[in-house]
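Colleague: work30.pdb is reproduced below (PDB, C-alpha atoms and all ligand atoms).
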```pdb
MODEL        1
ATOM      1  CA  MET A   6      74.430  86.611  98.489  1.00  0.00           C
ATOM      2  CA  SER A   7      76.699  83.703  99.187  1.00  0.00           C
ATOM      3  CA  ILE A   8      80.354  84.504  99.099  1.00  0.00           C
ATOM      4  CA  ASN A   9      82.443  81.425  98.676  1.00  0.00           C
ATOM      5  CA  LYS A  10      85.635  81.383 100.632  1.00  0.00           C
ATOM      6  CA  PHE A  11      88.492  79.282  99.462  1.00  0.00           C
ATOM      7  CA  ASN A  12      91.449  78.106 101.444  1.00  0.00           C
ATOM      8  CA  CYS A  13      94.727  77.102  99.896  1.00  0.00           C
ATOM      9  CA  LYS A  14      95.294  73.325  99.969  1.00  0.00           C
ATOM     10  CA  SER A  15      98.960  73.908 100.676  1.00  0.00           C
ATOM     11  CA  CYS A  16      99.321  76.703 103.231  1.00  0.00           C
ATOM     12  CA  GLY A  17      95.697  76.927 104.435  1.00  0.00           C
ATOM     13  CA  ALA A  18      95.414  80.699 104.056  1.00  0.00           C
ATOM     14  CA  GLU A  19      92.581  82.287 102.111  1.00  0.00           C
ATOM     15  CA  VAL A  20      92.996  82.290  98.341  1.00  0.00           C
ATOM     16  CA  ASP A  21      90.944  84.018  95.650  1.00  0.00           C
ATOM     17  CA  GLU A  22      88.673  81.947  93.438  1.00  0.00           C
ATOM     18  CA  THR A  23      90.642  82.506  90.242  1.00  0.00           C
ATOM     19  CA  SER A  24      93.866  81.208  91.744  1.00  0.00           C
ATOM     20  CA  TYR A  25      91.983  78.377  93.409  1.00  0.00           C
ATOM     21  CA  GLU A  26      90.595  77.215  90.083  1.00  0.00           C
ATOM     22  CA  THR A  27      93.762  77.767  88.101  1.00  0.00           C
ATOM     23  CA  PHE A  28      96.383  76.372  90.473  1.00  0.00           C
ATOM     24  CA  GLU A  29      94.880  73.139  91.826  1.00  0.00           C
ATOM     25  CA  GLY A  30      93.264  74.832  94.819  1.00  0.00           C
ATOM     26  CA  MET A  31      96.328  76.810  95.800  1.00  0.00           C
ATOM     27  CA  HIS A  32      98.043  80.180  95.664  1.00  0.00           C
ATOM     28  CA  TRP A  33     100.223  80.520  92.633  1.00  0.00           C
ATOM     29  CA  LEU A  34     103.355  80.579  94.783  1.00  0.00           C
ATOM     30  CA  CYS A  35     102.279  77.504  96.751  1.00  0.00           C
ATOM     31  CA  PHE A  36     101.623  75.733  93.437  1.00  0.00           C
ATOM     32  CA  HIS A  37     104.966  76.828  92.065  1.00  0.00           C
ATOM     33  CA  LEU A  38     106.862  75.596  95.120  1.00  0.00           C
ATOM     34  CA  ILE A  39     105.114  72.207  95.132  1.00  0.00           C
ATOM     35  CA  PHE A  40     104.894  71.339  91.432  1.00  0.00           C
ATOM     36  CA  GLU A  41     107.423  73.467  89.567  1.00  0.00           C
ATOM     37  CA  HIS A  42     110.152  74.578  91.930  1.00  0.00           C
ATOM     38  CA  MET A  43     112.546  71.669  92.202  1.00  0.00           C
ATOM     39  CA  GLY A  44     115.120  71.458  94.944  1.00  0.00           C
ATOM     40  CA  ASP A  45     115.949  74.056  97.593  1.00  0.00           C
ATOM     41  CA  PRO A  46     113.078  76.581  97.933  1.00  0.00           C
ATOM     42  CA  ASP A  47     115.630  79.241  98.914  1.00  0.00           C
ATOM     43  CA  GLU A  48     117.441  78.808  95.606  1.00  0.00           C
ATOM     44  CA  PRO A  49     116.170  79.898  92.171  1.00  0.00           C
ATOM     45  CA  CYS A  50     114.738  77.219  89.858  1.00  0.00           C
ATOM     46  CA  GLU A  51     114.586  76.888  86.075  1.00  0.00           C
ATOM     47  CA  SER A  52     111.114  78.424  85.676  1.00  0.00           C
ATOM     48  CA  ARG A  53     111.113  81.847  84.079  1.00  0.00           C
ATOM     49  CA  GLN A  54     108.293  82.788  86.485  1.00  0.00           C
ATOM     50  CA  CYS A  55     110.258  81.842  89.598  1.00  0.00           C
ATOM     51  CA  PRO A  56     110.033  84.690  92.146  1.00  0.00           C
ATOM     52  CA  ILE A  57     113.190  83.504  93.924  1.00  0.00           C
ATOM     53  CA  TRP A  58     115.048  83.914  90.661  1.00  0.00           C
ATOM     54  CA  HIS A  59     113.456  87.314  90.006  1.00  0.00           C
ATOM     55  CA  LEU A  60     114.648  88.479  93.418  1.00  0.00           C
ATOM     56  CA  LYS A  61     118.152  87.296  92.652  1.00  0.00           C
ATOM     57  CA  ILE A  62     118.125  89.157  89.312  1.00  0.00           C
ATOM     58  CA  LEU A  63     117.023  92.359  91.041  1.00  0.00           C
ATOM     59  CA  LYS A  64     119.609  92.005  93.804  1.00  0.00           C
ATOM     60  CA  GLU A  65     122.426  91.481  91.323  1.00  0.00           C
ATOM     61  CA  HIS A  66     121.216  94.406  89.258  1.00  0.00           C
ATOM     62  CA  ILE A  67     121.153  96.700  92.289  1.00  0.00           C
ATOM     63  CA  GLU A  68     124.575  95.494  93.463  1.00  0.00           C
ATOM     64  CA  LYS A  69     126.018  96.202  90.014  1.00  0.00           C
ATOM     65  CA  SER A  70     124.810  99.775  90.307  1.00  0.00           C
ATOM     66  CA  GLY A  71     126.944 100.059  93.440  1.00  0.00           C
ATOM     67  CA  GLN A  72     124.226  99.928  96.066  1.00  0.00           C
ATOM     68  CA  ASP A  73     124.065  97.660  99.099  1.00  0.00           C
ATOM     69  CA  VAL A  74     120.976  95.441  98.896  1.00  0.00           C
ATOM     70  CA  ASP A  75     121.041  94.434 102.568  1.00  0.00           C
ATOM     71  CA  GLU A  76     121.336  98.046 103.634  1.00  0.00           C
ATOM     72  CA  ILE A  77     118.338  99.047 101.493  1.00  0.00           C
ATOM     73  CA  ILE A  78     116.254  96.247 102.994  1.00  0.00           C
ATOM     74  CA  ASN A  79     117.340  96.962 106.574  1.00  0.00           C
ATOM     75  CA  THR A  80     116.633 100.685 106.259  1.00  0.00           C
ATOM     76  CA  THR A  81     113.193 100.067 104.764  1.00  0.00           C
ATOM     77  CA  VAL A  82     112.287  97.442 107.373  1.00  0.00           C
ATOM     78  CA  GLU A  83     113.300  99.787 110.175  1.00  0.00           C
ATOM     79  CA  LYS A  84     111.293 102.668 108.684  1.00  0.00           C
ATOM     80  CA  HIS A  85     108.270 100.445 108.297  1.00  0.00           C
ATOM     81  CA  TRP A  86     108.644  99.223 111.851  1.00  0.00           C
ATOM     82  CA  GLN A  87     108.800 102.714 113.272  1.00  0.00           C
ATOM     83  CA  GLN A  88     105.651 103.679 111.377  1.00  0.00           C
ATOM     84  CA  SER A  89     103.653 100.638 112.417  1.00  0.00           C
ATOM     85  CA  LYS A  90     104.544 101.139 116.081  1.00  0.00           C
ATOM     86  CA  ASN A  91     102.550 104.374 116.032  1.00  0.00           C
ATOM     87  CA  THR A  92      99.324 102.761 114.903  1.00  0.00           C
TER
HETATM   88 ZN    ZN A 101      98.965  78.913  99.786  1.00  0.00          ZN
HETATM   89 ZN    ZN A 102     111.034  78.475  91.433  1.00  0.00          ZN
ENDMDL
END
```
For this file, produce the structure as structure tokens.
Ligand SMILES: [Zn+2]
Ligand SMILES: [Zn+2]
Modeller:
Amino acid sequence: MSINKFNCKSCGAEVDETSYETFEGMHWLCFHLIFEHMGDPDEPCESRQCPIWHLKILKEHIEKSGQDVDEIINTTVEKHWQQSKNT
């Protein structure tokens, strides 16, 4: 009945065993930022898996369809905030 707990070697937060074994004892994102993501972590990198890049693709896609990305995010954050205040 022993449950092994693993903590990420990069950020220190709990990480599941599969990620721990696959990504050098880290979360995938922590691994990506340390070993694959070169340069500014706020800017997309060359990796096709890069989540920063994926976000940028989505934002551009949404903007092209004529919607305001910042407005969508702000509205959702505010809604979420109002809901969590009631709990
Ligand atoms: Zn981590
Ligand atoms: Zn990246």
Colleague: Report as a compact mmCIF listing (two decimals) with C-alpha atoms, in the frame of the given file the residues that result from applying the PyMOL selection byres (((chain A and resi 54) around 12) and not hetatm) to the structure here.
Modeller:
```txt
# COMPACT_ATOMS: atom_id res chain seq x y z
CA TRP A 33 100.22 80.52 92.63
CA LEU A 34 103.36 80.58 94.78
CA PHE A 36 101.62 75.73 93.44
CA HIS A 37 104.97 76.83 92.06
CA LEU A 38 106.86 75.60 95.12
CA GLU A 41 107.42 73.47 89.57
CA HIS A 42 110.15 74.58 91.93
CA PRO A 49 116.17 79.90 92.17
CA CYS A 50 114.74 77.22 89.86
CA GLU A 51 114.59 76.89 86.08
CA SER A 52 111.11 78.42 85.68
CA ARG A 53 111.11 81.85 84.08
CA CYS A 55 110.26 81.84 89.60
CA PRO A 56 110.03 84.69 92.15
CA ILE A 57 113.19 83.50 93.92
CA TRP A 58 115.05 83.91 90.66
CA HIS A 59 113.46 87.31 90.01
CA LEU A 60 114.65 88.48 93.42
```
Colleague: Using Å and a single decimal, report how far atom CA of A:Phe11 sits from atom CA of A:Met43.
Modeller: 26.3 Å
Colleague: Could you state the separation of atom CA of A:Asn9 and atom CA of A:Phe40 in Å, given to one decimal place?
Modeller: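 Those two atoms sit 25.7 Å apart.
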Colleague: Looking at A:Asp47, A:Glu65, A:Asp21, A:Glu26, which one is nearest to ligand ZN 102 (chain A), with distances taken over all atoms listed in the file?
Modeller: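 Using all atoms listed in the file, ligand ZN 102 (chain A) sits closest to A:Asp47.
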Colleague: Around ligand ZN 101 (chain A), out to 12 Å and counting only C-alpha atoms and all ligand atoms, which residues are there? I want them as a VMD selection string.
Modeller: chain A and resid 11 to 21 24 to 25 28 to 39
Colleague: For the residues selected in the previous step, produce a file with C-alpha atoms as a short mmCIF file (atom, residue, chain, number, x, y, z; two decimals), in the frame of the given file.
Modeller:
```
data_model
loop_
_atom_site.label_atom_id
_atom_site.label_comp_id
_atom_site.auth_asym_id
_atom_site.auth_seq_id
_atom_site.Cartn_x
_atom_site.Cartn_y
_atom_site.Cartn_z
CA PHE A 11 88.49 79.28 99.46
CA ASN A 12 91.45 78.11 101.44
CA CYS A 13 94.73 77.10 99.90
CA LYS A 14 95.29 73.32 99.97
CA SER A 15 98.96 73.91 100.68
CA CYS A 16 99.32 76.70 103.23
CA GLY A 17 95.70 76.93 104.44
CA ALA A 18 95.41 80.70 104.06
CA GLU A 19 92.58 82.29 102.11
CA VAL A 20 93.00 82.29 98.34
CA ASP A 21 90.94 84.02 95.65
CA SER A 24 93.87 81.21 91.74
CA TYR A 25 91.98 78.38 93.41
CA PHE A 28 96.38 76.37 90.47
CA GLU A 29 94.88 73.14 91.83
CA GLY A 30 93.26 74.83 94.82
CA MET A 31 96.33 76.81 95.80
CA HIS A 32 98.04 80.18 95.66
CA TRP A 33 100.22 80.52 92.63
CA LEU A 34 103.36 80.58 94.78
CA CYS A 35 102.28 77.50 96.75
CA PHE A 36 101.62 75.73 93.44
CA HIS A 37 104.97 76.83 92.06
CA LEU A 38 106.86 75.60 95.12
CA ILE A 39 105.11 72.21 95.13
#
```
Colleague: Enter the distance from atom CA of A:Lys69 to atom CA of A:His85, in Å, rounded to one decimal.
Modeller: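 About the pair atom CA of A:Lys69 and atom CA of A:His85: they are 25.8 Å apart.
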Colleague: Could you check which of A:Val82, A:Pro46, A:Asp75, A:Ile62 is closest to ligand ZN 102 (chain A), using all atoms listed in the file?
Modeller: A:Pro46
Colleague: Counting only C-alpha atoms and all ligand atoms, which residue out of A:Lys84, A:Lys61, A:His66, A:Lys90 sits closest to ligand ZN 102 (chain A)?
Modeller: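 Using only C-alpha atoms and all ligand atoms, ligand ZN 102 (chain A) sits closest to A:Lys61.
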Colleague: Nearest to ligand ZN 102 (chain A): which of A:Lys10, A:Glu48, A:Thr23, A:Ile78 is it, counting only C-alpha atoms and all ligand atoms?
Modeller: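 Of A:Lys10, A:Glu48, A:Thr23, A:Ile78, the one nearest ligand ZN 102 (chain A), counting only C-alpha atoms and all ligand atoms, is A:Glu48.
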Colleague: For A:Val74, work out the shell of residues within 10 Å, counting only C-alpha atoms and skipping chain neighbours fewer than 5 positions away, then give it as JSON, numbers by chain.
Modeller: {"A": [63, 64, 65, 66, 67, 68, 79]}
Colleague: Write a file of the selected residues as a PDB file, keeping the file's coordinate frame, keeping C-alpha atoms.
Modeller:
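This went into result_32.pdb:
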```pdb
ATOM      1  CA  LEU A  63     117.023  92.359  91.041  1.00  0.00           C
ATOM      2  CA  LYS A  64     119.609  92.005  93.804  1.00  0.00           C
ATOM      3  CA  GLU A  65     122.426  91.481  91.323  1.00  0.00           C
ATOM      4  CA  HIS A  66     121.216  94.406  89.258  1.00  0.00           C
ATOM      5  CA  ILE A  67     121.153  96.700  92.289  1.00  0.00           C
ATOM      6  CA  GLU A  68     124.575  95.494  93.463  1.00  0.00           C
ATOM      7  CA  ASN A  79     117.340  96.962 106.574  1.00  0.00           C
TER       8      ASN A  79
END
```
